[in-house]
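The structure appears below as structure tokens.
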Amino acid sequence: MIYLQLFYTFLKIGLFGFGGGYAMISMIQAEVVTHHHWLTMQQFTDVVAISQMTPGPIGINSATYVGYTATGTILGAFVATFALVLPSFVLMLAISKFLMKHKDNKVVANLFKGLRPAIVGLLAAAVLLLMNVENFSSPQQDSYQFTISMLLFVGAFVATKWLRVSPILTIVLCGLAGFLCYL
């Protein structure tokens, strides 16, 4: 039964997860933490962090981890990953020829113009979802961890947005800073 639930859940996420893995984060969280309780919020936060640091798309990495954690088997990881990828694979095969033929059509162009703001909204939702006590602590719980977390957040944002530091280097430097701060 769990395998069917995993398949259906990640198939839905794959079908409606426009905008890539980061846009899927809030959908994945709603399903695996809130609805099915396969992971706690802390575990989900760890999934996102690990999925960002490992090679491959964050959505696929997350699905693989959740599938494995929910079932304790490699089959669970495979089912969740396959279900997430299946809609994209089928849709790309089915519509690639159509889009190439009609890419200059005004209706098709306007459809994509309408999807862009929705994708930005989904990305913003993912950011807000991850700005929680599990990631930042709170001034009341642990003011030191909260301050360090906020400094790392602002530093990573400034480094990637304005200083054009590589995201990989930013991740490594923030990890090193976190390690040194919590010795």
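Residues are referred to by chain and number: the chain letter is A, B, ... according to the order shown in the structure tokens, the number counts from 1 in that chain, and ligands are numbered separately from 1 in the order shown.
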>> So that I can check the surroundings of region 60-68 of chain A, please list as a VMD selection string every protein, DNA and RNA residue that reaches within 7 Å of it, counting only C-alpha atoms and ignoring chain neighbours fewer than 4 positions away.
In response: chain A and resid 6 47 to 48 51 56 72 to 74 76 to 81
>> So that I can see what lies close to Gly175 (chain A), please list as a PyMOL selection string the residues with an atom at most 12 Å from it, counting only C-alpha atoms and leaving out residues fewer than 5 positions away in the same chain.
In response: chain A and resi 49-50+53+148-149+152-153+156+168-170+180-182
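One distance worth recording is that between CA of Arg116 (chain A) and CA of Met100 (chain A), which is 19.3 Å.
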> Using only C-alpha atoms, which residues sit within 9 Å of Leu39 (chain A) once same-chain residues fewer than 3 positions away are excluded, as a list of chain:residue names?
Replying inline: A:Gln29, A:Val32, A:Val33, A:Thr34, A:His36, A:Gln42, A:Gln43, A:Phe44, A:Val66, A:Thr69, A:Ala70
>> I want to know what sits within 9 Å of Ile25 (chain A), based on only C-alpha atoms, with residues of the same chain fewer than 3 positions away left out; could you give that as a list in words?
In response: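 Contacts, in chain order: Gly17, Gly21, Tyr22, Ile28, Gln29, Ala30, Val48, Ile58, Gly59, Ser62, Leu122, Leu123, Ala125, Ala126, Val127 and Leu129 of chain A.
One distance worth recording is that between CA of Ala177 (chain A) and CA of Met150 (chain A), which is 12.4 Å.
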